[in-house]
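Engineer: Mind looking over this structure? Questions follow.
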Amino acid sequence: MAKLLYQYDSYLREFEATVVRVEGDRVFLDQTAFHPKPAGGLDADTGWLEAGGARVRVLGAELAGGDVAHVVEDPAPFSLGARVRGAIDWGRRYRMMRLHTASHVLAAVLYSRHGALITGGHITPEEARDDFDLKVEDWKRALLEAVEEANAILARGLEVKVYWLPREEALKIPGIVKLADRLLPGEPEIRIVEIPGVDVQADGGPHVRNTSEVGRIVVKGLESKGARKKRIYYTVEP
């Protein structure tokens, strides 16, 4: 499986790698900074791969049997063992990083206030959608109040820490998994994203370094999807 460079440095915009195989329009590398879908509910990164003097558009990245497939416009320049240089579309990635960190803070607030777990969600560069198992009569007020508290937390400029813990140690942390019905993979170490005093969560995706980078959460819509499944649509603004 490719080494996921964004898990070590979410701000890495360019990287070098070696082609390990090509399957049609799908290029596989020994390491990558491209975040694939559907990992973590984020849209895939897009960008470019350069090889042999050619610069080819990467239309997206996908999880494929535990590896990462880079879907390219033209696979011709790529062959086994070729050295490539990759570059991600940074503007697209950074918007999703801001929304991703916002989603962690919002989830932490709702978990703290109501014990609500996330039952689904999706993040694009434009907006995020989160579904919560929220058993509250006035659920709209609960969501809006949670957003207000989340914005106050974001404005405090808190560090977003990323580190790994042994699996057994990580699973002892209360609320480490806030995504309902999600079983953590069997790896011996688990990647942790911590916002001190706010949230500690198992997570494999890219985040900003400080909550001040997120801006403010702006609600775009609220929707009931069932007796307990409540959905919120939002974006972030400076």
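FYI, nothing fancy with the structure tokens labels: chains A, B, ... in order, residues from 1 per chain, ligands from 1 as they appear.
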Please list as a PyMOL selection string every residue within 8 Å of Leu4 of chain A, counting only C-alpha atoms and excluding residues in the same chain fewer than 3 positions away.
Structural biologist: chain A and resi 7-8+31-35
Engineer: If you keep C-alpha atoms, can you produce a file of those selected residues as a compact mmCIF listing (two decimals), in the first residue's frame?
Structural biologist:
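Full text of again_1.txt as output:
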# COMPACT_ATOMS: atom_id res chain seq x y z
CA GLN A 7 -1.20 11.81 7.24
CA TYR A 8 2.23 13.11 8.26
CA GLN A 31 3.70 7.04 -1.77
CA THR A 32 1.23 9.85 -2.31
CA ALA A 33 -0.03 13.17 -0.97
CA PHE A 34 -3.38 12.71 -2.72
CA HIS A 35 -6.25 12.03 -0.30
Engineer: Excluding Glu50 of chain A and its own-chain neighbours fewer than 4 positions away, which residues fall within 8 Å of it when counting only C-alpha atoms? Please give them as an MDAnalysis selection string.
Structural biologist: chainID A and resid 54:56 84:86
Engineer: Counting only C-alpha atoms, which residues of segment 73-173 of chain A fall within 12 Å of segment 21-27 of chain A, and what is the closest atom pair for each with its distance in Å at one decimal, ordered by chain and rising number, as a tab-separated table?
Structural biologist:
residue	atom	partner	partner_atom	distance
A:Glu73	CA	A:Asp25	CA	7.0
A:Asp74	CA	A:Asp25	CA	6.6
A:Pro75	CA	A:Asp25	CA	5.3
A:Ala76	CA	A:Asp25	CA	8.8
A:Pro77	CA	A:Val27	CA	10.4
A:Phe78	CA	A:Val22	CA	7.2
A:Ser79	CA	A:Val22	CA	6.7
A:Leu80	CA	A:Arg21	CA	5.4
A:Gly81	CA	A:Arg21	CA	8.1
A:Ala82	CA	A:Arg21	CA	9.6
A:Arg83	CA	A:Arg21	CA	12.0
A:Val84	CA	A:Val27	CA	10.6
A:Gly86	CA	A:Val27	CA	11.7
Engineer: Which polymer residues have any atom within 12 Å of an atom of Tyr6 of chain A, counting only C-alpha atoms, with same-chain residues fewer than 6 positions away left out, as a PyMOL selection string?
Structural biologist: chain A and resi 12-15+31-36+45+88+93-94+97+162+191+204-208
Engineer: Looking at only C-alpha atoms, which of A:Gln201, A:Thr124, A:Asn151, A:Asn210 is the one that sits closest to Gly41 of chain A?
Structural biologist: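 Counting only C-alpha atoms, the residue closest to Gly41 of chain A is A:Thr124.
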Engineer: Quick one: pick out all strand (DSSP E) residues within segment 49-220 of chain A from a backbone DSSP run and write them as a PyMOL selection string.
Structural biologist: chain A and resi 49-51+54-64+67-72+83-88+117-123+128-133+161-166+189-195+199-202+216-220
Engineer: Hey, which of A:Ser224, A:Thr46, A:Thr101, A:Thr211 ends up closest to Val193 of chain A? Count only C-alpha atoms.
Structural biologist: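 Once distances to Val193 of chain A are computed over only C-alpha atoms, the minimum belongs to A:Thr101.
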Engineer: Take atom CA of Arg129 of chain A and atom CA of Arg156 of chain A and report the distance between them in Å, one decimal.
Structural biologist: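 Taking atom CA of Arg129 of chain A as the start and atom CA of Arg156 of chain A as the end point, the length is 23.8 Å.
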Engineer: From the list A:Glu16, A:Asp89, A:Glu194, A:Asp130, which residue is nearest Val219 of chain A when using only C-alpha atoms?
Structural biologist: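 Going through A:Glu16, A:Asp89, A:Glu194, A:Asp130 one by one, the smallest distance to Val219 of chain A is for A:Asp130.
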Engineer: With only C-alpha atoms as the basis for distance, which of A:Leu134, A:Val214, A:Ala170, A:Ile123 is at the shortest distance from Ala155 of chain A?
Structural biologist: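 Answer, going by the shortest atom-to-atom distance: A:Val214.
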Engineer: For a test of reading the model, state the distance in Å between atom CA of Asp133 of chain A and atom CA of Arg216 of chain A, rounded to one decimal.
Structural biologist: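 Answer for the atom CA of Asp133 of chain A to atom CA of Arg216 of chain A separation: 23.6 Å.
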Engineer: Once DSSP has gone over the backbone, tell me which residues of segment 1-234 of chain A are in helix (DSSP H, G or I), as number ranges by chain.
Structural biologist: A: 5-7, 39-41, 90-114, 139-154, 167-170, 211-213
Engineer: How would the residues just chosen look if you wrote them out with C-alpha atoms as a short mmCIF file (atom, residue, chain, number, x, y, z; two decimals), in the first residue's frame?
Structural biologist:
data_model
loop_
_atom_site.label_atom_id
_atom_site.label_comp_id
_atom_site.auth_asym_id
_atom_site.auth_seq_id
_atom_site.Cartn_x
_atom_site.Cartn_y
_atom_site.Cartn_z
CA LEU A 5 2.09 11.39 3.05
CA TYR A 6 -0.81 13.70 3.97
CA GLN A 7 -1.20 11.81 7.24
CA ALA A 39 -11.75 7.83 3.09
CA GLY A 40 -13.02 9.98 5.94
CA GLY A 41 -15.99 11.22 3.97
CA TRP A 90 -4.00 23.14 -2.97
CA GLY A 91 -6.96 25.53 -2.99
CA ARG A 92 -9.38 22.61 -3.20
CA ARG A 93 -7.54 20.62 -0.51
CA TYR A 94 -7.23 23.53 1.92
CA ARG A 95 -10.96 24.29 1.80
CA MET A 96 -11.68 20.65 2.68
CA MET A 97 -9.12 20.74 5.49
CA ARG A 98 -10.89 23.74 7.03
CA LEU A 99 -14.27 22.00 6.78
CA HIS A 100 -12.83 18.76 8.16
CA THR A 101 -11.48 20.43 11.27
CA ALA A 102 -14.77 22.30 11.68
CA SER A 103 -16.64 18.99 11.55
CA HIS A 104 -14.49 17.59 14.37
CA VAL A 105 -15.25 20.54 16.62
CA LEU A 106 -18.97 20.43 15.84
CA ALA A 107 -19.08 16.67 16.47
CA ALA A 108 -17.24 17.13 19.77
CA VAL A 109 -19.76 19.73 20.94
CA LEU A 110 -22.76 17.58 20.03
CA TYR A 111 -21.19 14.54 21.66
CA SER A 112 -20.48 16.50 24.83
CA ARG A 113 -23.93 18.10 24.98
CA HIS A 114 -26.15 15.26 23.81
CA TRP A 139 -33.24 19.24 17.44
CA LYS A 140 -32.93 22.35 15.26
CA ARG A 141 -32.16 24.50 18.27
CA ALA A 142 -29.70 21.87 19.51
CA LEU A 143 -27.81 21.95 16.22
CA LEU A 144 -27.76 25.74 15.97
CA GLU A 145 -26.57 26.12 19.56
CA ALA A 146 -23.85 23.56 18.88
CA VAL A 147 -22.70 25.58 15.88
CA GLU A 148 -22.57 28.72 18.02
CA GLU A 149 -20.41 26.96 20.61
CA ALA A 150 -18.22 25.41 17.91
CA ASN A 151 -17.55 28.85 16.42
CA ALA A 152 -16.51 30.17 19.82
CA ILE A 153 -14.07 27.28 20.13
CA LEU A 154 -12.65 27.78 16.64
CA ARG A 167 -4.20 0.50 19.34
CA GLU A 168 -4.91 -0.73 22.87
CA GLU A 169 -3.97 2.61 24.39
CA ALA A 170 -6.04 4.59 21.87
CA THR A 211 -8.57 26.22 14.60
CA SER A 212 -8.12 29.90 13.73
CA GLU A 213 -7.58 28.82 10.10
#
Engineer: I'd like the contact shell of Pro196 of chain A - 10 Å cut-off, only C-alpha atoms, skipping same-chain residues fewer than 4 positions apart - returned as a PyMOL selection string.
Structural biologist: chain A and resi 158-161+200
Engineer: Just the residues within 12 Å of Lys220 of chain A, please, counting only C-alpha atoms, with nothing from its chain fewer than 5 positions along; format it as an MDAnalysis selection string.
Structural biologist: chainID A and resid 126:130 144 147 231:237
